[in-house]
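K.L.:
Provided herewith: entry_24.cif, mmCIF, C-alpha atoms and all ligand atoms.
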data_coords
#
loop_
_atom_site.group_PDB
_atom_site.id
_atom_site.type_symbol
_atom_site.label_atom_id
_atom_site.label_comp_id
_atom_site.auth_asym_id
_atom_site.auth_seq_id
_atom_site.Cartn_x
_atom_site.Cartn_y
_atom_site.Cartn_z
ATOM 1 C CA MET J 1 116.508 91.657 98.506
ATOM 2 C CA LEU J 2 113.042 92.568 97.287
ATOM 3 C CA ASP J 3 111.717 95.249 94.997
ATOM 4 C CA TYR J 4 108.209 95.648 96.322
ATOM 5 C CA HIS J 5 107.153 98.853 94.547
ATOM 6 C CA LEU J 6 107.045 98.709 90.748
ATOM 7 C CA HIS J 7 104.937 100.381 88.089
ATOM 8 C CA LEU J 8 104.500 99.033 84.571
ATOM 9 C CA TRP J 9 103.802 102.440 83.042
ATOM 10 C CA PRO J 10 105.209 105.965 83.239
ATOM 11 C CA HIS J 11 102.751 108.716 84.184
ATOM 12 C CA GLY J 12 100.708 110.465 81.482
ATOM 13 C CA PRO J 13 98.348 109.423 78.705
ATOM 14 C CA ARG J 14 99.360 106.144 77.059
ATOM 15 C CA PRO J 15 97.923 102.706 76.378
ATOM 16 C CA LEU J 16 97.781 100.866 79.711
ATOM 17 C CA GLU J 17 97.805 97.180 78.947
ATOM 18 C CA ALA J 18 99.875 94.743 80.995
ATOM 19 C CA THR J 19 101.690 91.953 79.144
ATOM 20 C CA LEU J 20 103.374 88.794 80.347
ATOM 21 C CA GLU J 21 106.505 89.744 78.381
ATOM 22 C CA GLN J 22 106.809 93.021 80.281
ATOM 23 C CA VAL J 23 106.433 91.327 83.657
ATOM 24 C CA ALA J 24 109.039 88.739 82.621
ATOM 25 C CA ALA J 25 111.432 91.562 81.645
ATOM 26 C CA TYR J 26 110.970 93.185 85.094
ATOM 27 C CA CYS J 27 111.711 89.852 86.791
ATOM 28 C CA GLN J 28 114.795 89.338 84.661
ATOM 29 C CA ALA J 29 116.092 92.849 85.429
ATOM 30 C CA ALA J 30 115.506 92.280 89.150
ATOM 31 C CA GLN J 31 117.245 88.902 89.209
ATOM 32 C CA ALA J 32 120.219 90.331 87.314
ATOM 33 C CA GLN J 33 120.595 92.777 90.251
ATOM 34 C CA GLY J 34 120.338 90.106 92.938
ATOM 35 C CA VAL J 35 116.695 90.836 93.780
ATOM 36 C CA ASP J 36 114.826 87.592 94.521
ATOM 37 C CA GLU J 37 111.225 88.731 94.335
ATOM 38 C CA ILE J 38 109.280 91.694 93.005
ATOM 39 C CA ALA J 39 105.801 93.073 93.613
ATOM 40 C CA LEU J 40 103.841 94.754 90.832
ATOM 41 C CA THR J 41 102.171 97.739 92.491
ATOM 42 C CA GLU J 42 100.502 99.844 89.819
ATOM 43 C CA HIS J 43 98.557 102.911 90.961
ATOM 44 C CA LEU J 44 94.923 102.016 91.688
ATOM 45 C CA PHE J 45 93.831 105.336 90.149
ATOM 46 C CA ARG J 46 94.981 104.283 86.667
ATOM 47 C CA PHE J 47 92.172 101.723 86.364
ATOM 48 C CA ARG J 48 88.621 102.407 85.192
ATOM 49 C CA GLN J 49 87.242 100.492 88.185
ATOM 50 C CA ALA J 50 88.791 103.145 90.464
ATOM 51 C CA ASP J 51 87.577 105.967 88.234
ATOM 52 C CA HIS J 52 84.006 104.649 88.490
ATOM 53 C CA LEU J 53 84.228 104.376 92.268
ATOM 54 C CA LEU J 54 86.329 107.421 93.141
ATOM 55 C CA GLY J 55 86.485 109.808 90.168
ATOM 56 C CA GLY J 56 85.582 113.348 91.254
ATOM 57 C CA TRP J 57 86.746 112.817 94.878
ATOM 58 C CA TRP J 58 88.471 116.208 94.672
ATOM 59 C CA ALA J 59 85.189 118.120 94.107
ATOM 60 C CA GLY J 60 84.264 120.167 97.160
ATOM 61 C CA GLU J 61 87.795 119.761 98.559
ATOM 62 C CA GLY J 62 88.301 123.515 98.865
ATOM 63 C CA ASP J 63 90.563 125.371 96.447
ATOM 64 C CA GLY J 64 89.036 125.525 92.947
ATOM 65 C CA THR J 65 92.374 125.947 91.137
ATOM 66 C CA LEU J 66 93.863 122.874 92.763
ATOM 67 C CA ALA J 67 90.671 120.839 92.295
ATOM 68 C CA SER J 68 90.562 121.690 88.599
ATOM 69 C CA ALA J 69 94.266 120.790 88.203
ATOM 70 C CA MET J 70 93.636 117.496 90.005
ATOM 71 C CA GLY J 71 90.661 116.738 87.750
ATOM 72 C CA GLN J 72 92.715 117.316 84.611
ATOM 73 C CA TRP J 73 95.652 115.302 85.868
ATOM 74 C CA TRP J 74 93.432 112.398 87.024
ATOM 75 C CA ALA J 75 91.843 112.250 83.537
ATOM 76 C CA SER J 76 95.305 112.138 81.930
ATOM 77 C CA GLU J 77 96.249 109.076 83.988
ATOM 78 C CA GLN J 78 93.262 106.890 83.078
ATOM 79 C CA GLY J 79 93.028 103.878 80.783
ATOM 80 C CA GLY J 80 93.833 100.632 82.626
ATOM 81 C CA ASP J 81 91.577 97.693 83.381
ATOM 82 C CA LEU J 82 92.155 96.250 86.842
ATOM 83 C CA ASP J 83 90.890 92.798 85.801
ATOM 84 C CA GLN J 84 93.358 92.625 82.894
ATOM 85 C CA TYR J 85 96.277 93.805 85.079
ATOM 86 C CA VAL J 86 95.529 91.246 87.796
ATOM 87 C CA GLU J 87 95.065 88.430 85.260
ATOM 88 C CA VAL J 88 98.478 89.091 83.720
ATOM 89 C CA ALA J 89 100.171 89.360 87.117
ATOM 90 C CA LEU J 90 98.555 86.095 88.228
ATOM 91 C CA ALA J 91 99.566 84.363 84.999
ATOM 92 C CA ALA J 92 103.168 85.486 85.563
ATOM 93 C CA LYS J 93 103.086 84.155 89.115
ATOM 94 C CA GLU J 94 101.582 80.854 87.987
ATOM 95 C CA ALA J 95 104.260 80.572 85.296
ATOM 96 C CA GLY J 96 106.820 80.538 88.133
ATOM 97 C CA LEU J 97 108.138 84.080 87.781
ATOM 98 C CA PRO J 98 109.279 85.615 91.125
ATOM 99 C CA VAL J 99 106.460 88.144 91.295
ATOM 100 C CA VAL J 100 103.606 88.901 93.669
ATOM 101 C CA VAL J 101 100.416 90.786 92.840
ATOM 102 C CA GLY J 102 99.954 94.206 94.376
ATOM 103 C CA LEU J 103 98.731 97.753 93.987
ATOM 104 C CA GLU J 104 99.674 101.207 95.201
ATOM 105 C CA VAL J 105 96.544 102.598 96.846
ATOM 106 C CA ASP J 106 96.031 106.260 97.714
ATOM 107 C CA HIS J 107 94.361 107.666 100.785
ATOM 108 C CA TYR J 108 90.802 108.728 99.931
ATOM 109 C CA PRO J 109 89.536 110.450 103.089
ATOM 110 C CA GLY J 110 86.279 108.915 104.285
ATOM 111 C CA ARG J 111 86.245 106.460 101.365
ATOM 112 C CA MET J 112 88.695 103.770 102.464
ATOM 113 C CA HIS J 113 85.883 101.368 103.321
ATOM 114 C CA ASP J 114 84.634 101.554 99.698
ATOM 115 C CA VAL J 115 88.205 101.128 98.451
ATOM 116 C CA ALA J 116 88.713 98.059 100.662
ATOM 117 C CA GLU J 117 85.466 96.579 99.353
ATOM 118 C CA LEU J 118 86.590 96.979 95.732
ATOM 119 C CA LEU J 119 90.012 95.482 96.451
ATOM 120 C CA ALA J 120 88.588 92.525 98.409
ATOM 121 C CA GLY J 121 87.325 91.187 95.070
ATOM 122 C CA TYR J 122 90.895 90.537 93.868
ATOM 123 C CA PRO J 123 93.573 88.082 95.050
ATOM 124 C CA PHE J 124 96.188 90.659 96.027
ATOM 125 C CA ASP J 125 99.365 89.630 97.819
ATOM 126 C CA VAL J 126 100.317 93.094 99.011
ATOM 127 C CA LEU J 127 98.757 96.561 99.060
ATOM 128 C CA LEU J 128 100.884 99.682 99.410
ATOM 129 C CA GLY J 129 99.260 102.677 101.067
ATOM 130 C CA SER J 130 100.375 106.135 99.913
ATOM 131 C CA VAL J 131 99.648 109.763 100.655
ATOM 132 C CA HIS J 132 100.339 111.787 97.480
ATOM 133 C CA TRP J 133 97.552 114.322 97.953
ATOM 134 C CA ILE J 134 96.642 116.829 100.625
ATOM 135 C CA GLY J 135 93.060 117.604 99.618
ATOM 136 C CA PRO J 136 93.205 118.339 95.884
ATOM 137 C CA TRP J 137 96.906 119.332 96.105
ATOM 138 C CA GLY J 138 99.189 116.750 94.495
ATOM 139 C CA PHE J 139 102.178 117.936 96.505
ATOM 140 C CA ASP J 140 104.673 115.433 95.034
ATOM 141 C CA ASN J 141 103.691 116.173 91.430
ATOM 142 C CA PHE J 142 106.197 118.667 90.009
ATOM 143 C CA GLY J 143 104.734 118.272 86.507
ATOM 144 C CA VAL J 144 101.672 120.431 87.307
ATOM 145 C CA GLY J 145 102.216 124.203 87.696
ATOM 146 C CA ALA J 146 99.363 124.766 90.178
ATOM 147 C CA PHE J 147 100.749 122.023 92.432
ATOM 148 C CA VAL J 148 104.285 123.444 92.335
ATOM 149 C CA ALA J 149 102.995 126.975 93.104
ATOM 150 C CA GLU J 150 101.104 125.684 96.150
ATOM 151 C CA TRP J 151 104.395 124.949 97.934
ATOM 152 C CA GLY J 152 104.858 128.734 98.210
ATOM 153 C CA ALA J 153 101.466 129.247 99.837
ATOM 154 C CA ARG J 154 101.939 127.005 102.892
ATOM 155 C CA THR J 155 104.361 126.780 105.787
ATOM 156 C CA ILE J 156 106.466 123.648 105.894
ATOM 157 C CA ASP J 157 105.142 122.751 109.348
ATOM 158 C CA ALA J 158 101.561 122.888 108.031
ATOM 159 C CA VAL J 159 102.481 120.661 105.060
ATOM 160 C CA TRP J 160 104.091 118.056 107.330
ATOM 161 C CA ASP J 161 101.223 118.199 109.800
ATOM 162 C CA ASP J 162 98.565 117.757 107.074
ATOM 163 C CA TYR J 163 100.572 114.957 105.475
ATOM 164 C CA THR J 164 101.092 113.135 108.768
ATOM 165 C CA THR J 165 97.405 113.382 109.683
ATOM 166 C CA ARG J 166 96.493 111.723 106.371
ATOM 167 C CA LEU J 167 99.135 109.048 106.889
ATOM 168 C CA GLU J 168 97.639 108.300 110.320
ATOM 169 C CA GLU J 169 94.130 108.040 108.834
ATOM 170 C CA LEU J 170 95.387 105.755 106.073
ATOM 171 C CA ALA J 171 97.190 103.480 108.547
ATOM 172 C CA ASP J 172 94.192 103.378 110.893
ATOM 173 C CA SER J 173 91.859 102.433 108.001
ATOM 174 C CA GLY J 174 93.522 99.000 107.852
ATOM 175 C CA ALA J 175 93.048 98.970 104.062
ATOM 176 C CA CYS J 176 96.727 98.463 103.157
ATOM 177 C CA ASP J 177 99.790 96.493 104.257
ATOM 178 C CA VAL J 178 102.819 98.719 103.666
ATOM 179 C CA LEU J 179 103.337 102.479 104.074
ATOM 180 C CA ALA J 180 104.958 103.533 100.799
ATOM 181 C CA HIS J 181 107.634 106.287 100.849
ATOM 182 C CA PRO J 182 106.629 107.085 104.465
ATOM 183 C CA ASP J 183 108.110 110.614 104.656
ATOM 184 C CA LEU J 184 107.151 111.739 101.142
ATOM 185 C CA CYS J 185 106.353 115.194 102.576
ATOM 186 C CA LYS J 186 110.116 115.919 102.528
ATOM 187 C CA ILE J 187 110.212 115.556 98.711
ATOM 188 C CA SER J 188 110.918 119.247 98.015
ATOM 189 C CA GLY J 189 113.903 119.203 100.376
ATOM 190 C CA ARG J 190 112.256 121.546 102.893
ATOM 191 C CA ARG J 191 111.706 120.210 106.418
ATOM 192 C CA PRO J 192 110.583 121.522 109.781
ATOM 193 C CA GLU J 193 113.459 122.638 112.016
ATOM 194 C CA VAL J 194 112.560 119.855 114.432
ATOM 195 C CA PRO J 195 110.817 117.034 112.558
ATOM 196 C CA ASP J 196 110.883 114.684 115.590
ATOM 197 C CA GLU J 197 107.195 115.092 116.467
ATOM 198 C CA PHE J 198 106.189 114.134 112.928
ATOM 199 C CA HIS J 199 108.596 111.183 112.845
ATOM 200 C CA ASP J 200 107.167 109.958 116.156
ATOM 201 C CA ARG J 201 103.625 110.149 114.800
ATOM 202 C CA MET J 202 104.580 108.281 111.591
ATOM 203 C CA ALA J 203 106.299 105.489 113.527
ATOM 204 C CA GLU J 204 103.394 105.197 115.980
ATOM 205 C CA ALA J 205 100.870 105.029 113.126
ATOM 206 C CA ALA J 206 102.810 102.204 111.479
ATOM 207 C CA ALA J 207 103.300 100.310 114.744
ATOM 208 C CA ARG J 208 99.692 100.449 115.932
ATOM 209 C CA SER J 209 98.301 99.486 112.515
ATOM 210 C CA GLY J 210 100.636 96.518 112.079
ATOM 211 C CA MET J 211 101.753 97.892 108.721
ATOM 212 C CA ALA J 212 105.268 97.567 107.364
ATOM 213 C CA ALA J 213 107.191 100.613 106.138
ATOM 214 C CA GLU J 214 108.892 100.816 102.778
ATOM 215 C CA VAL J 215 112.558 101.767 102.352
ATOM 216 C CA SER J 216 112.651 103.338 98.904
ATOM 217 C CA SER J 217 115.473 104.559 96.693
ATOM 218 C CA ALA J 218 113.042 106.852 94.834
ATOM 219 C CA GLY J 219 113.852 109.830 97.081
ATOM 220 C CA TRP J 220 117.381 109.915 95.669
ATOM 221 C CA ARG J 221 115.817 110.843 92.297
ATOM 222 C CA LYS J 222 113.871 113.770 93.812
ATOM 223 C CA PRO J 223 114.905 117.280 94.990
ATOM 224 C CA VAL J 224 115.380 115.989 98.567
ATOM 225 C CA GLY J 225 118.148 113.642 97.353
ATOM 226 C CA GLU J 226 117.635 111.112 100.157
ATOM 227 C CA ALA J 227 115.955 107.728 100.473
ATOM 228 C CA TYR J 228 112.508 107.385 102.078
ATOM 229 C CA PRO J 229 112.487 107.189 105.059
ATOM 230 C CA SER J 230 115.295 109.339 106.511
ATOM 231 C CA PRO J 231 117.761 107.484 108.767
ATOM 232 C CA GLU J 232 116.121 109.159 111.801
ATOM 233 C CA LEU J 233 112.671 107.860 110.864
ATOM 234 C CA LEU J 234 114.012 104.421 109.936
ATOM 235 C CA ALA J 235 115.613 104.184 113.396
ATOM 236 C CA ARG J 236 112.224 104.985 114.950
ATOM 237 C CA PHE J 237 110.535 102.302 112.845
ATOM 238 C CA HIS J 238 113.126 99.801 114.050
ATOM 239 C CA ARG J 239 112.678 100.773 117.696
ATOM 240 C CA ALA J 240 108.892 100.436 117.310
ATOM 241 C CA GLY J 241 109.208 96.947 115.789
ATOM 242 C CA VAL J 242 107.871 98.012 112.385
ATOM 243 C CA PRO J 243 108.838 95.549 109.612
ATOM 244 C CA VAL J 244 110.207 96.893 106.330
ATOM 245 C CA THR J 245 110.122 96.200 102.604
ATOM 246 C CA THR J 246 112.589 97.515 100.006
ATOM 247 C CA ALA J 247 111.592 99.341 96.855
ATOM 248 C CA SER J 248 112.695 101.328 93.822
ATOM 249 C CA ASP J 249 109.290 102.770 92.790
ATOM 250 C CA ALA J 250 110.463 102.333 89.178
ATOM 251 C CA HIS J 251 108.033 103.423 86.452
ATOM 252 C CA GLY J 252 110.038 101.557 83.780
ATOM 253 C CA VAL J 253 112.255 98.480 83.570
ATOM 254 C CA GLU J 254 115.501 100.503 83.562
ATOM 255 C CA LEU J 255 115.082 101.553 87.220
ATOM 256 C CA VAL J 256 114.099 98.152 88.654
ATOM 257 C CA ALA J 257 116.128 97.492 91.838
ATOM 258 C CA GLU J 258 117.868 100.868 91.569
ATOM 259 C CA ARG J 259 120.445 101.555 94.341
ATOM 260 C CA ARG J 260 119.620 98.332 96.166
ATOM 261 C CA GLY J 261 123.126 98.369 97.690
ATOM 262 C CA ASP J 262 122.572 101.808 99.227
ATOM 263 C CA VAL J 263 119.197 100.649 100.543
ATOM 264 C CA ALA J 264 120.857 97.565 102.080
ATOM 265 C CA ALA J 265 123.405 99.830 103.800
ATOM 266 C CA LEU J 266 120.596 101.941 105.311
ATOM 267 C CA LEU J 267 118.888 98.804 106.623
ATOM 268 C CA ALA J 268 122.106 97.492 108.136
ATOM 269 C CA GLY J 269 122.735 100.870 109.777
ATOM 270 C CA ALA J 270 119.304 100.760 111.400
ATOM 271 C CA GLY J 271 119.756 97.179 112.608
ATOM 272 C CA TYR J 272 117.342 95.413 110.250
ATOM 273 C CA ARG J 273 118.160 91.810 109.285
ATOM 274 C CA GLU J 274 114.836 90.758 107.749
ATOM 275 C CA LEU J 275 112.428 92.053 105.160
ATOM 276 C CA ALA J 276 108.670 91.643 104.953
ATOM 277 C CA ALA J 277 107.513 89.620 101.936
ATOM 278 C CA TYR J 278 103.793 89.023 101.447
ATOM 279 C CA ARG J 279 101.479 86.277 100.171
ATOM 280 C CA GLY J 280 97.728 86.803 100.190
ATOM 281 C CA ARG J 281 98.293 89.955 102.300
ATOM 282 C CA ARG J 282 100.035 87.952 105.038
ATOM 283 C CA LEU J 283 103.531 88.931 106.087
ATOM 284 C CA ARG J 284 106.301 86.371 105.579
ATOM 285 C CA PRO J 285 109.707 87.429 106.951
ATOM 286 C CA VAL J 286 112.676 86.779 104.632
ATOM 287 C CA PRO J 287 116.378 87.418 105.178
ATOM 288 C CA ILE J 288 117.739 90.586 103.557
ATOM 289 C CA GLY J 289 120.420 88.539 101.828
ATOM 290 C CA PRO J 290 123.339 89.774 99.781
ATOM 291 C CA ALA J 291 122.714 92.934 97.781
ATOM 292 C CA GLY J 292 123.881 91.304 94.574
ATOM 293 C CA PRO J 293 126.587 92.090 92.027
ATOM 294 C CA GLY J 294 127.610 95.663 91.337
ATOM 295 C CA SER J 295 125.590 97.077 94.208
HETATM 296 ZN ZN ZN M 1 103.826 106.709 95.393
HETATM 297 ZN ZN ZN M 2 104.765 104.326 93.178
#
Using structure tokens, write down the structure from this file.

P.N.:
Amino acid sequence: MLDYHLHLWPHGPRPLEATLEQVAAYCQAAQAQGVDEIALTEHLFRFRQADHLLGGWWAGEGDGTLASAMGQWWASEQGGDLDQYVEVALAAKEAGLPVVVGLEVDHYPGRMHDVAELLAGYPFDVLLGSVHWIGPWGFDNFGVGAFVAEWGARTIDAVWDDYTTRLEELADSGACDVLAHPDLCKISGRRPEVPDEFHDRMAEAAARSGMAAEVSSAGWRKPVGEAYPSPELLARFHRAGVPVTTASDAHGVELVAERRGDVAALLAGAGYRELAAYRGRRLRPVPIGPAGPGS
């Protein structure tokens, strides 16, 4: 098993400095759960290099209330140094810890070329691509009142359509390797009566871009109470030949490798026997392997 989606820091204002000891603790927690390799995938937006390049992207994105909420929230997340984070991750890898160097990268409409240029300056093993924002609306962020209220102002079909369009753009940009939490638009628990069209578009976007899709236990911690992706979408990924990674999306060491046994059961149900590991942004298939003790 792999845990290819891990954050070193919880959300919110705090010192953001990576340490070798913390990475070692994540590796130890993973290995204790039967997970052979982890990827550190901190949010790109937490680093000052991203703030310099992309800060203010929400301006002119329509709704003033949402844009102002996004601006405040973005400011509250700042403080990391991408060089320092990468140096520590590389040092951990060179010390023989079972870790690869990654990031979780958001979709910045029309800016993915700039993002790719920034990231090309670093020796990343794997880049996750995520859609957390529809314009200035952070739809998965239930900690911001304006974002929560926005759910009441849109139809669920419009939310899924807008989300899927951004996912397609992100995949087609070629900037990332793995679609993180591919059906995040279901997070609130509301879904279109017939989500098939959206599932088809998500699977096609992954297949034509050559990206892998992530199977994440994080959805079980959210109102939807279900892993990402749903079994129906995972079956489509499998039919389309889309490789998969496994992930907890932990924002602290206590959730590393969470519910890896349930994730393994989903993969088996869909017919997957291999996972996608990455080195230098090149896919390396590995067997799923046993889920480990106490799964
Ligand atoms: Zn995410
Ligand atoms: Zn994440």

K.L.:
Within 12 Å of range 162-165 of chain J, counting all atoms listed in the file, which residues show up once you throw out same-chain ones fewer than 4 positions away? Write them as a CSV table (one decimal) with C-alpha atoms, keeping the file's coordinate frame, please.

P.N.:
chain,number,residue,atom,x,y,z
J,107,HIS,CA,94.4,107.7,100.8
J,109,PRO,CA,89.5,110.4,103.1
J,130,SER,CA,100.4,106.1,99.9
J,131,VAL,CA,99.6,109.8,100.7
J,132,HIS,CA,100.3,111.8,97.5
J,133,TRP,CA,97.6,114.3,98.0
J,134,ILE,CA,96.6,116.8,100.6
J,135,GLY,CA,93.1,117.6,99.6
J,137,TRP,CA,96.9,119.3,96.1
J,138,GLY,CA,99.2,116.8,94.5
J,139,PHE,CA,102.2,117.9,96.5
J,140,ASP,CA,104.7,115.4,95.0
J,154,ARG,CA,101.9,127.0,102.9
J,155,THR,CA,104.4,126.8,105.8
J,156,ILE,CA,106.5,123.6,105.9
J,157,ASP,CA,105.1,122.8,109.3
J,158,ALA,CA,101.6,122.9,108.0
J,169,GLU,CA,94.1,108.0,108.8
J,170,LEU,CA,95.4,105.8,106.1
J,171,ALA,CA,97.2,103.5,108.5
J,172,ASP,CA,94.2,103.4,110.9
J,179,LEU,CA,103.3,102.5,104.1
J,182,PRO,CA,106.6,107.1,104.5
J,183,ASP,CA,108.1,110.6,104.7
J,184,LEU,CA,107.2,111.7,101.1
J,185,CYS,CA,106.4,115.2,102.6
J,186,LYS,CA,110.1,115.9,102.5
J,187,ILE,CA,110.2,115.6,98.7
J,195,PRO,CA,110.8,117.0,112.6
J,197,GLU,CA,107.2,115.1,116.5
J,198,PHE,CA,106.2,114.1,112.9
J,199,HIS,CA,108.6,111.2,112.8
J,200,ASP,CA,107.2,110.0,116.2
J,201,ARG,CA,103.6,110.1,114.8
J,202,MET,CA,104.6,108.3,111.6
J,203,ALA,CA,106.3,105.5,113.5
J,204,GLU,CA,103.4,105.2,116.0
J,205,ALA,CA,100.9,105.0,113.1
J,206,ALA,CA,102.8,102.2,111.5

K.L.:
Kindly compile the residues surrounding ligand ZN 2 (chain M) within 9 Å, counting all atoms listed in the file, and format them as JSON, numbers by chain.

P.N.:
{"J": [5, 6, 7, 41, 42, 43, 103, 104, 128, 130, 180, 181, 218, 248, 249, 250, 251]}

K.L.:
In Å to one decimal, how far is CA of Asp106 in chain J from CA of Ser188 in chain J?

P.N.:
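Computing the Euclidean distance for CA of Ser188 in chain J and CA of Asp106 in chain J yields 19.8 Å.
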
K.L.:
Extract, using all atoms listed in the file, all DNA, RNA and protein residues at most 12 Å from Ser230 in chain J, discarding same-chain residues fewer than 3 positions from it, and format them as an NGL selection string.

P.N.:
:J and (181-187 or 189 or 191 or 195-196 or 199 or 202 or 213-217 or 219-220 or 224-227 or 233-237 or 263 or 266-267 or 269-270)

K.L.:
Let's have the selection written as an mmCIF file, keeping the file's coordinate frame, with C-alpha atoms.

P.N.:
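Saved file part_35.cif follows:
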data_model
loop_
_atom_site.group_PDB
_atom_site.id
_atom_site.type_symbol
_atom_site.label_atom_id
_atom_site.label_comp_id
_atom_site.auth_asym_id
_atom_site.auth_seq_id
_atom_site.Cartn_x
_atom_site.Cartn_y
_atom_site.Cartn_z
ATOM 1 C CA HIS J 181 107.634 106.287 100.849
ATOM 2 C CA PRO J 182 106.629 107.085 104.465
ATOM 3 C CA ASP J 183 108.110 110.614 104.656
ATOM 4 C CA LEU J 184 107.151 111.739 101.142
ATOM 5 C CA CYS J 185 106.353 115.194 102.576
ATOM 6 C CA LYS J 186 110.116 115.919 102.528
ATOM 7 C CA ILE J 187 110.212 115.556 98.711
ATOM 8 C CA GLY J 189 113.903 119.203 100.376
ATOM 9 C CA ARG J 191 111.706 120.210 106.418
ATOM 10 C CA PRO J 195 110.817 117.034 112.558
ATOM 11 C CA ASP J 196 110.883 114.684 115.590
ATOM 12 C CA HIS J 199 108.596 111.183 112.845
ATOM 13 C CA MET J 202 104.580 108.281 111.591
ATOM 14 C CA ALA J 213 107.191 100.613 106.138
ATOM 15 C CA GLU J 214 108.892 100.816 102.778
ATOM 16 C CA VAL J 215 112.558 101.767 102.352
ATOM 17 C CA SER J 216 112.651 103.338 98.904
ATOM 18 C CA SER J 217 115.473 104.559 96.693
ATOM 19 C CA GLY J 219 113.852 109.830 97.081
ATOM 20 C CA TRP J 220 117.381 109.915 95.669
ATOM 21 C CA VAL J 224 115.380 115.989 98.567
ATOM 22 C CA GLY J 225 118.148 113.642 97.353
ATOM 23 C CA GLU J 226 117.635 111.112 100.157
ATOM 24 C CA ALA J 227 115.955 107.728 100.473
ATOM 25 C CA LEU J 233 112.671 107.860 110.864
ATOM 26 C CA LEU J 234 114.012 104.421 109.936
ATOM 27 C CA ALA J 235 115.613 104.184 113.396
ATOM 28 C CA ARG J 236 112.224 104.985 114.950
ATOM 29 C CA PHE J 237 110.535 102.302 112.845
ATOM 30 C CA VAL J 263 119.197 100.649 100.543
ATOM 31 C CA LEU J 266 120.596 101.941 105.311
ATOM 32 C CA LEU J 267 118.888 98.804 106.623
ATOM 33 C CA GLY J 269 122.735 100.870 109.777
ATOM 34 C CA ALA J 270 119.304 100.760 111.400
#

K.L.:
Once the PyMOL selection byres (((chain J and resi 113) around 12) and not hetatm) is applied to the coordinates I shared, what remains selected? I want it as a list of chain:residue names.

P.N.:
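Evaluating the PyMOL selection byres (((chain J and resi 113) around 12) and not hetatm) on these coordinates yields J:Leu53, J:Leu54, J:His107, J:Tyr108, J:Pro109, J:Gly110, J:Arg111, J:Met112, J:Asp114, J:Val115, J:Ala116, J:Glu117, J:Leu118, J:Leu119, J:Ala120, J:Glu169, J:Leu170, J:Asp172, J:Ser173, J:Gly174, J:Ala175, J:Cys176.
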
K.L.:
If you keep C-alpha atoms, can you produce a file of those selected residues as a CSV table (one decimal), in the frame of the given file?

P.N.:
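part_15.csv written:
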chain,number,residue,atom,x,y,z
J,53,LEU,CA,84.2,104.4,92.3
J,54,LEU,CA,86.3,107.4,93.1
J,107,HIS,CA,94.4,107.7,100.8
J,108,TYR,CA,90.8,108.7,99.9
J,109,PRO,CA,89.5,110.4,103.1
J,110,GLY,CA,86.3,108.9,104.3
J,111,ARG,CA,86.2,106.5,101.4
J,112,MET,CA,88.7,103.8,102.5
J,114,ASP,CA,84.6,101.6,99.7
J,115,VAL,CA,88.2,101.1,98.5
J,116,ALA,CA,88.7,98.1,100.7
J,117,GLU,CA,85.5,96.6,99.4
J,118,LEU,CA,86.6,97.0,95.7
J,119,LEU,CA,90.0,95.5,96.5
J,120,ALA,CA,88.6,92.5,98.4
J,169,GLU,CA,94.1,108.0,108.8
J,170,LEU,CA,95.4,105.8,106.1
J,172,ASP,CA,94.2,103.4,110.9
J,173,SER,CA,91.9,102.4,108.0
J,174,GLY,CA,93.5,99.0,107.9
J,175,ALA,CA,93.0,99.0,104.1
J,176,CYS,CA,96.7,98.5,103.2

K.L.:
Can you list what the PyMOL selection byres (((chain J and resi 37) around 10) and not hetatm) grabs from this structure, as a list in words?

P.N.:
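So the PyMOL selection byres (((chain J and resi 37) around 10) and not hetatm), applied here, picks out Met1, Leu2, Asp3, Tyr4, Cys27, Ala30, Gln31, Gly34, Val35, Asp36, Ile38, Ala39, Leu97, Pro98, Val99, Val100 and Ala277 of chain J.
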
K.L.:
J:Glu87, J:Asp177, J:Glu274, J:Glu254: which is nearest His238 in chain J, counting all atoms listed in the file?

P.N.:
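Using all atoms listed in the file, His238 in chain J sits closest to J:Glu274.
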
K.L.:
Convert the output of the PyMOL selection byres (((chain J and resi 287) around 12) and not hetatm) on the shown file into explicit residues, formatted as a list in words.

P.N.:
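Expected selection for the PyMOL selection byres (((chain J and resi 287) around 12) and not hetatm) here is Met1, Leu2, Val35, Asp36, Pro243, Val244, Thr245, Thr246, Ala264, Leu267, Ala268, Tyr272, Arg273, Glu274, Leu275, Ala276, Ala277, Arg284, Pro285, Val286, Ile288, Gly289, Pro290 and Ala291 of chain J.
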
K.L.:
Quick one: pull the distance between CA of Ala69 in chain J and CA of Val253 in chain J, Å, one decimal.

P.N.:
29.0 Å

K.L.:
Find the residue from J:Ala95, J:Leu44, J:Ala212, J:Ala89 that sits nearest to ligand ZN 1 (chain M); use all atoms listed in the file when measuring.

P.N.:
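The shortest atom-to-atom distance to ligand ZN 1 (chain M) comes from J:Leu44.
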
K.L.:
Expressed in Å to a single decimal, how great is the separation between CA of Phe142 in chain J and CA of Gly252 in chain J?

P.N.:
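It comes out at 18.6 Å.
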
K.L.:
Which one is closest to ligand ZN 1 (chain M): J:Gly129, J:Gly152, J:Pro231, J:Gly145? Count all atoms listed in the file.

P.N.:
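Checking each of J:Gly129, J:Gly152, J:Pro231, J:Gly145 against ligand ZN 1 (chain M), counting all atoms listed in the file, the winner is J:Gly129.
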
K.L.:
Once 3 Å is added on each side, what are the centre and the three edge lengths, in Å to one decimal, of the axis-aligned box enclosing the listed atoms of range 60-76 of chain J? Present them as lines of an AutoDock Vina configuration file.

P.N.:
center_x = 90.0
center_y = 119.0
center_z = 90.4
size_x = 17.4
size_y = 19.8
size_z = 22.9

K.L.:
Looking at all atoms listed in the file, which of J:Ala29, J:Glu77, J:Arg208, J:Arg190 is the one that sits closest to Glu168 in chain J?

P.N.:
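Of J:Ala29, J:Glu77, J:Arg208, J:Arg190, the one nearest Glu168 in chain J is J:Arg208, counting all atoms listed in the file.
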